[in-house]
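Data from target00.json: JSON, C-alpha atoms and all ligand atoms
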[["chain", "number", "residue", "atom", "x", "y", "z"],
["V", 1, "MET", "CA", -36.06, -2.11, -39.80],
["V", 2, "LYS", "CA", -35.84, 1.00, -37.66],
["V", 3, "ILE", "CA", -38.88, 2.11, -35.72],
["V", 4, "HIS", "CA", -40.38, 5.36, -37.01],
["V", 5, "HIS", "CA", -43.32, 5.88, -34.64],
["V", 6, "ILE", "CA", -45.90, 4.23, -32.42],
["V", 7, "GLY", "CA", -49.53, 4.58, -33.47],
["V", 8, "TYR", "CA", -51.87, 5.37, -30.59],
["V", 9, "ALA", "CA", -55.63, 5.01, -31.08],
["V", 10, "VAL", "CA", -57.58, 7.70, -29.24],
["V", 11, "ARG", "CA", -61.28, 8.44, -28.98],
["V", 12, "ASP", "CA", -61.04, 12.26, -28.73],
["V", 13, "ILE", "CA", -57.86, 13.65, -30.30],
["V", 14, "GLU", "CA", -58.25, 17.20, -28.92],
["V", 15, "LYS", "CA", -58.61, 15.95, -25.34],
["V", 16, "SER", "CA", -55.85, 13.33, -25.68],
["V", 17, "LEU", "CA", -53.24, 15.70, -27.09],
["V", 18, "VAL", "CA", -53.67, 18.03, -24.10],
["V", 19, "GLU", "CA", -53.00, 15.07, -21.80],
["V", 20, "PHE", "CA", -49.97, 13.94, -23.83],
["V", 21, "GLU", "CA", -48.61, 17.51, -23.56],
["V", 22, "LEU", "CA", -48.96, 17.31, -19.79],
["V", 23, "ILE", "CA", -46.77, 14.19, -19.66],
["V", 24, "GLY", "CA", -44.01, 15.59, -21.88],
["V", 25, "PHE", "CA", -45.02, 15.33, -25.53],
["V", 26, "LYS", "CA", -44.99, 18.28, -27.95],
["V", 27, "LYS", "CA", -47.02, 18.59, -31.13],
["V", 28, "VAL", "CA", -45.16, 17.98, -34.38],
["V", 29, "GLY", "CA", -46.83, 19.62, -37.38],
["V", 30, "GLU", "CA", -50.53, 20.20, -37.66],
["V", 31, "LEU", "CA", -53.67, 18.14, -37.16],
["V", 32, "TYR", "CA", -54.44, 16.16, -40.35],
["V", 33, "ASN", "CA", -57.92, 15.17, -41.37],
["V", 34, "ASP", "CA", -57.20, 12.18, -43.59],
["V", 35, "THR", "CA", -60.55, 11.75, -45.36],
["V", 36, "GLU", "CA", -59.11, 8.96, -47.52],
["V", 37, "ARG", "CA", -58.62, 6.79, -44.41],
["V", 38, "ASN", "CA", -61.39, 8.28, -42.23],
["V", 39, "VAL", "CA", -58.92, 9.23, -39.50],
["V", 40, "ILE", "CA", -57.67, 12.37, -37.78],
["V", 41, "ILE", "CA", -53.93, 12.39, -37.06],
["V", 42, "GLN", "CA", -51.62, 14.39, -34.79],
["V", 43, "LEU", "CA", -47.92, 13.57, -34.47],
["V", 44, "MET", "CA", -46.26, 14.25, -31.10],
["V", 45, "LYS", "CA", -42.72, 13.87, -29.86],
["V", 46, "ASN", "CA", -41.04, 13.26, -26.50],
["V", 47, "ASP", "CA", -37.25, 13.19, -26.80],
["V", 48, "THR", "CA", -36.64, 10.65, -29.61],
["V", 49, "TRP", "CA", -40.07, 9.02, -29.24],
["V", 50, "LEU", "CA", -42.53, 9.89, -31.97],
["V", 51, "ILE", "CA", -46.16, 8.93, -31.48],
["V", 52, "GLU", "CA", -49.04, 9.26, -33.88],
["V", 53, "LEU", "CA", -52.40, 9.95, -32.28],
["V", 54, "VAL", "CA", -55.10, 8.48, -34.52],
["V", 55, "ALA", "CA", -58.79, 9.16, -33.93],
["V", 56, "PRO", "CA", -61.71, 7.84, -35.99],
["V", 57, "CYS", "CA", -63.66, 10.34, -38.16],
["V", 58, "ASN", "CA", -66.74, 8.12, -38.11],
["V", 59, "GLU", "CA", -67.92, 4.53, -37.65],
["V", 60, "ASN", "CA", -66.40, 3.49, -41.01],
["V", 61, "SER", "CA", -62.93, 4.34, -39.76],
["V", 62, "PRO", "CA", -60.54, 1.37, -39.59],
["V", 63, "ILE", "CA", -59.72, 2.19, -35.95],
["V", 64, "PHE", "CA", -63.32, 2.58, -34.78],
["V", 65, "SER", "CA", -63.47, -1.08, -33.69],
["V", 66, "ILE", "CA", -60.06, -0.84, -31.94],
["V", 67, "ILE", "CA", -61.37, 2.05, -29.83],
["V", 68, "GLU", "CA", -64.64, 0.23, -29.14],
["V", 69, "LYS", "CA", -62.77, -2.90, -27.97],
["V", 70, "ASN", "CA", -59.77, -1.41, -26.16],
["V", 71, "ASN", "CA", -60.53, 2.28, -25.64],
["V", 72, "ASN", "CA", -57.41, 4.51, -25.92],
["V", 73, "THR", "CA", -54.44, 2.25, -26.70],
["V", 74, "PRO", "CA", -51.19, 1.93, -28.63],
["V", 75, "TYR", "CA", -52.00, -0.29, -31.62],
["V", 76, "HIS", "CA", -49.14, -0.31, -34.12],
["V", 77, "PHE", "CA", -45.40, 0.18, -34.53],
["V", 78, "CYS", "CA", -44.37, 1.82, -37.81],
["V", 79, "PHE", "CA", -41.09, 0.81, -39.46],
["V", 80, "CYS", "CA", -38.97, 2.63, -42.05],
["V", 81, "THR", "CA", -38.13, 0.80, -45.22],
["V", 82, "ASP", "CA", -36.13, 1.83, -48.32],
["V", 83, "SER", "CA", -38.50, 0.02, -50.63],
["V", 84, "ILE", "CA", -42.04, -0.57, -49.45],
["V", 85, "SER", "CA", -42.91, -2.93, -52.32],
["V", 86, "GLN", "CA", -39.88, -5.17, -51.71],
["V", 87, "GLN", "CA", -40.53, -5.21, -47.96],
["V", 88, "ILE", "CA", -44.21, -6.10, -48.52],
["V", 89, "ASP", "CA", -43.21, -9.01, -50.80],
["V", 90, "LYS", "CA", -40.74, -10.25, -48.20],
["V", 91, "LEU", "CA", -43.24, -10.04, -45.34],
["V", 92, "ARG", "CA", -46.04, -11.64, -47.39],
["V", 93, "SER", "CA", -43.81, -14.63, -48.01],
["V", 94, "ASN", "CA", -43.42, -14.80, -44.20],
["V", 95, "ASN", "CA", -47.14, -15.08, -43.47],
["V", 96, "TYR", "CA", -47.98, -11.38, -43.15],
["V", 97, "VAL", "CA", -51.31, -10.33, -44.63],
["V", 98, "ILE", "CA", -51.86, -6.90, -46.19],
["V", 99, "ILE", "CA", -54.63, -5.02, -44.41],
["V", 100, "GLU", "CA", -54.03, -1.73, -46.23],
["V", 101, "PRO", "CA", -51.98, -1.65, -49.45],
["V", 102, "ALA", "CA", -49.32, 1.03, -50.01],
["V", 103, "LYS", "CA", -50.86, 4.50, -50.42],
["V", 104, "PRO", "CA", -49.54, 8.05, -49.93],
["V", 105, "ALA", "CA", -50.09, 9.37, -46.37],
["V", 106, "MET", "CA", -50.86, 13.06, -45.79],
["V", 107, "ALA", "CA", -49.28, 13.10, -42.34],
["V", 108, "PHE", "CA", -45.95, 11.84, -43.75],
["V", 109, "ASP", "CA", -45.39, 14.23, -46.67],
["V", 110, "GLY", "CA", -47.28, 11.98, -49.06],
["V", 111, "ARG", "CA", -44.84, 9.12, -48.57],
["V", 112, "LEU", "CA", -46.12, 5.57, -49.10],
["V", 113, "VAL", "CA", -47.60, 3.77, -46.11],
["V", 114, "ALA", "CA", -48.94, 0.22, -45.83],
["V", 115, "PHE", "CA", -50.41, -1.86, -43.00],
["V", 116, "LEU", "CA", -49.81, -5.57, -42.52],
["V", 117, "TYR", "CA", -50.91, -8.14, -39.97],
["V", 118, "HIS", "CA", -49.17, -11.19, -38.56],
["V", 119, "LYS", "CA", -50.91, -13.55, -36.18],
["V", 120, "TYR", "CA", -48.01, -13.53, -33.70],
["V", 121, "ILE", "CA", -47.31, -9.79, -33.88],
["V", 122, "GLY", "CA", -50.52, -8.01, -34.78],
["V", 123, "ILE", "CA", -50.58, -4.83, -36.88],
["V", 124, "ILE", "CA", -47.43, -3.22, -38.23],
["V", 125, "GLU", "CA", -47.10, -0.22, -40.52],
["V", 126, "LEU", "CA", -44.43, 0.33, -43.18],
["V", 127, "LEU", "CA", -43.32, 3.81, -44.23],
["V", 128, "GLU", "CA", -41.08, 4.39, -47.22],
["V", 129, "CYS", "CA", -38.16, 6.46, -45.89],
["V", 130, "LYS", "CA", -35.54, 7.61, -48.37],
["V", 131, "GLN", "CA", -32.23, 7.79, -46.54],
["V", 201, "NI", "NI", -48.72, 5.03, -37.96]]

What is this file in structure tokens?
Amino acid sequence: MKIHHIGYAVRDIEKSLVEFELIGFKKVGELYNDTERNVIIQLMKNDTWLIELVAPCNENSPIFSIIEKNNNTPYHFCFCTDSISQQIDKLRSNNYVIIEPAKPAMAFDGRLVAFLYHKYIGIIELLECKQ
């Protein structure tokens, strides 16, 4: 699978995006307040590298504990897949566990996104990309 972006957990998205701009990243699209997932998202690009800044909305946010443990840190690679349901089935039969089932994501034009975990890899994200 091709890499789509790297997810980067940040405590304060407004402050972090200024610092990412200073080191060569430019904003892509607008800031999304994803109330479904309790996260705030800003995509940024440097050359061909796309990163997704993800900040928690509140203590119920899935990345709140990541920030508490590791502070600002990259925490997932996202991969493009033609069929998210087929890819999930394949990965589940290879010991991946679903941590967030496929749901539309605001920041990616409503395309389906899912999160899985493997004990030797950690968190990965799948994004359905029609090619
Ligand atoms: Ni992501």

For the contact check between chain V and ligand NI 201 (chain V), emit one row per residue of chain V within 7 Å, containing the shortest atom pair and the distance in Å rounded to one decimal, counting all atoms listed in the file, chain then rising number order, as CSV.
residue,atom,partner,partner_atom,distance
V:His5,CA,V:NI201,NI,6.4
V:Ile6,CA,V:NI201,NI,6.3
V:Gly7,CA,V:NI201,NI,4.6
V:Glu52,CA,V:NI201,NI,5.9
V:His76,CA,V:NI201,NI,6.6
V:Phe77,CA,V:NI201,NI,6.8
V:Cys78,CA,V:NI201,NI,5.4
V:Glu125,CA,V:NI201,NI,6.1

Kindly export the residues of the current selection with C-alpha atoms, as a PDB file, in the coordinates of the input.
ATOM      1  CA  HIS V   5     -43.320   5.880 -34.640  1.00  0.00           C
ATOM      2  CA  ILE V   6     -45.900   4.230 -32.420  1.00  0.00           C
ATOM      3  CA  GLY V   7     -49.530   4.580 -33.470  1.00  0.00           C
ATOM      4  CA  GLU V  52     -49.040   9.260 -33.880  1.00  0.00           C
ATOM      5  CA  HIS V  76     -49.140  -0.310 -34.120  1.00  0.00           C
ATOM      6  CA  PHE V  77     -45.400   0.180 -34.530  1.00  0.00           C
ATOM      7  CA  CYS V  78     -44.370   1.820 -37.810  1.00  0.00           C
ATOM      8  CA  GLU V 125     -47.100  -0.220 -40.520  1.00  0.00           C
TER       9      GLU V 125
END

Task: Using only C-alpha atoms: which of V:Arg37, V:Arg111, V:Lys26, V:Lys103 has the shortest distance to Ile63 of chain V - done: V:Arg37

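Those DNA, RNA and protein residues that approach the point (-40.8, -0.5, -54.0) to within 12 Å, considering all atoms listed in the file, are V:Thr81, V:Asp82, V:Ser83, V:Ile84, V:Ser85, V:Gln86, V:Gln87, V:Ile88, V:Asp89, V:Lys90, V:Ala102, V:Lys103, V:Arg111, V:Leu112, V:Val113, V:Ala114, V:Leu126, V:Leu127, V:Glu128, V:Cys129, V:Lys130.
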
Open item on the list: Report as a list in words all protein, DNA and RNA residues lying within 12 Å of Lys119 of chain V, evaluated on all atoms listed in the file, omitting residues in the same chain fewer than 5 positions from it.
Closed with: Asn94, Asn95, Tyr96, Val97 and Ile124 of chain V

Would you export the selected residues with C-alpha atoms as an mmCIF file, in the frame of the given file, please?
data_model
loop_
_atom_site.group_PDB
_atom_site.id
_atom_site.type_symbol
_atom_site.label_atom_id
_atom_site.label_comp_id
_atom_site.auth_asym_id
_atom_site.auth_seq_id
_atom_site.Cartn_x
_atom_site.Cartn_y
_atom_site.Cartn_z
ATOM 1 C CA ASN V 94 -43.420 -14.800 -44.200
ATOM 2 C CA ASN V 95 -47.140 -15.080 -43.470
ATOM 3 C CA TYR V 96 -47.980 -11.380 -43.150
ATOM 4 C CA VAL V 97 -51.310 -10.330 -44.630
ATOM 5 C CA ILE V 124 -47.430 -3.220 -38.230
#

TODO: Rank V:Glu19, V:Ile3, V:Phe25, V:Gln42 by their smallest atom-to-atom distance to Ala107 of chain V, using only C-alpha atoms, and report the top residue only.
DONE: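 Checking each candidate against Ala107 of chain V, we get V:Gln42 as the closest.
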
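If only C-alpha atoms are the atoms counted, then among V:Glu100, V:Gly24, V:Leu91, V:Ile13 the closest residue to Thr48 of chain V is V:Gly24.
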
- [ ] Find the residue from V:Asp47, V:Lys2, V:Lys69, V:Cys80 that sits nearest to Phe108 of chain V; use all atoms listed in the file when measuring.
- [x]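 Checking each candidate against Phe108 of chain V, we get V:Cys80 as the closest.
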
Task: Best match for closeness to Val28 of chain V among V:Met44, V:Trp49, V:Cys57, V:Ile99, counting all atoms listed in the file - done: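 Result for the nearest residue to Val28 of chain V: V:Met44.
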
Task: Å distance separating atom CA of Leu17 of chain V from atom CA of Asn33 of chain V, one decimal place - done: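 A separation of 15.0 Å between them.
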
Output segment 25-36 of chain V as a compact mmCIF listing (two decimals), keeping the file's coordinate frame, making sure all heavy atoms are there.
# COMPACT_ATOMS: atom_id res chain seq x y z
N PHE V 25 -45.04 15.34 -24.06
CA PHE V 25 -45.02 15.33 -25.53
C PHE V 25 -45.32 16.72 -26.10
O PHE V 25 -46.07 17.48 -25.49
CB PHE V 25 -46.05 14.33 -26.08
CG PHE V 25 -45.64 12.89 -25.91
CD1 PHE V 25 -45.90 12.21 -24.72
CD2 PHE V 25 -45.00 12.21 -26.93
CE1 PHE V 25 -45.52 10.89 -24.56
CE2 PHE V 25 -44.61 10.89 -26.78
CZ PHE V 25 -44.88 10.22 -25.59
N LYS V 26 -44.71 17.02 -27.24
CA LYS V 26 -44.99 18.28 -27.95
C LYS V 26 -45.54 17.95 -29.34
O LYS V 26 -45.10 16.99 -29.97
CB LYS V 26 -43.71 19.10 -28.09
CG LYS V 26 -43.23 19.67 -26.78
CD LYS V 26 -42.21 20.78 -27.02
CE LYS V 26 -41.91 21.56 -25.76
NZ LYS V 26 -41.18 20.77 -24.74
N LYS V 27 -46.45 18.79 -29.79
CA LYS V 27 -47.02 18.59 -31.13
C LYS V 27 -45.95 18.73 -32.19
O LYS V 27 -45.10 19.60 -32.12
CB LYS V 27 -48.12 19.62 -31.41
CG LYS V 27 -49.42 19.35 -30.70
CD LYS V 27 -50.55 20.14 -31.33
CE LYS V 27 -50.71 21.48 -30.65
NZ LYS V 27 -51.87 22.22 -31.16
N VAL V 28 -46.02 17.87 -33.21
CA VAL V 28 -45.16 17.98 -34.38
C VAL V 28 -46.10 18.19 -35.57
O VAL V 28 -46.95 17.35 -35.85
CB VAL V 28 -44.34 16.68 -34.61
CG1 VAL V 28 -43.51 16.79 -35.88
CG2 VAL V 28 -43.45 16.38 -33.41
N GLY V 29 -45.97 19.33 -36.23
CA GLY V 29 -46.83 19.62 -37.38
C GLY V 29 -48.27 19.87 -36.94
O GLY V 29 -48.55 20.04 -35.76
N GLU V 30 -49.14 19.86 -37.94
CA GLU V 30 -50.53 20.20 -37.66
C GLU V 30 -51.41 18.96 -37.55
O GLU V 30 -50.95 17.84 -37.78
CB GLU V 30 -51.05 21.12 -38.77
CG GLU V 30 -50.84 20.52 -40.15
CD GLU V 30 -51.08 21.51 -41.28
OE1 GLU V 30 -52.24 21.91 -41.44
OE2 GLU V 30 -50.13 21.85 -41.99
N LEU V 31 -52.67 19.20 -37.21
CA LEU V 31 -53.67 18.14 -37.16
C LEU V 31 -54.09 17.82 -38.60
O LEU V 31 -54.41 18.75 -39.36
CB LEU V 31 -54.87 18.66 -36.36
CG LEU V 31 -55.90 17.69 -35.85
CD1 LEU V 31 -55.34 16.88 -34.69
CD2 LEU V 31 -57.15 18.45 -35.39
N TYR V 32 -54.03 16.55 -38.99
CA TYR V 32 -54.44 16.16 -40.35
C TYR V 32 -55.76 15.43 -40.31
O TYR V 32 -55.94 14.51 -39.52
CB TYR V 32 -53.41 15.22 -40.98
CG TYR V 32 -52.11 15.88 -41.31
CD1 TYR V 32 -51.03 15.79 -40.43
CD2 TYR V 32 -51.96 16.60 -42.49
CE1 TYR V 32 -49.83 16.41 -40.72
CE2 TYR V 32 -50.76 17.22 -42.79
CZ TYR V 32 -49.70 17.12 -41.90
OH TYR V 32 -48.52 17.73 -42.19
N ASN V 33 -56.67 15.88 -41.20
CA ASN V 33 -57.92 15.17 -41.37
C ASN V 33 -57.76 14.33 -42.63
O ASN V 33 -57.86 14.85 -43.74
CB ASN V 33 -59.04 16.20 -41.53
CG ASN V 33 -60.38 15.63 -41.16
OD1 ASN V 33 -60.59 14.42 -41.29
ND2 ASN V 33 -61.27 16.48 -40.71
N ASP V 34 -57.46 13.05 -42.45
CA ASP V 34 -57.20 12.18 -43.59
C ASP V 34 -58.53 11.54 -44.02
O ASP V 34 -58.92 10.48 -43.53
CB ASP V 34 -56.16 11.12 -43.20
CG ASP V 34 -55.65 10.34 -44.40
OD1 ASP V 34 -56.37 10.24 -45.41
OD2 ASP V 34 -54.52 9.82 -44.32
N THR V 35 -59.21 12.21 -44.94
CA THR V 35 -60.55 11.75 -45.36
C THR V 35 -60.47 10.45 -46.16
O THR V 35 -61.43 9.68 -46.19
CB THR V 35 -61.26 12.84 -46.20
OG1 THR V 35 -60.36 13.29 -47.22
CG2 THR V 35 -61.64 14.03 -45.34
N GLU V 36 -59.32 10.21 -46.78
CA GLU V 36 -59.11 8.96 -47.52
C GLU V 36 -59.20 7.76 -46.58
O GLU V 36 -59.76 6.72 -46.92
CB GLU V 36 -57.72 9.03 -48.16
CG GLU V 36 -57.27 7.80 -48.88
CD GLU V 36 -57.64 7.82 -50.36
OE1 GLU V 36 -58.17 8.84 -50.83
OE2 GLU V 36 -57.40 6.82 -51.01
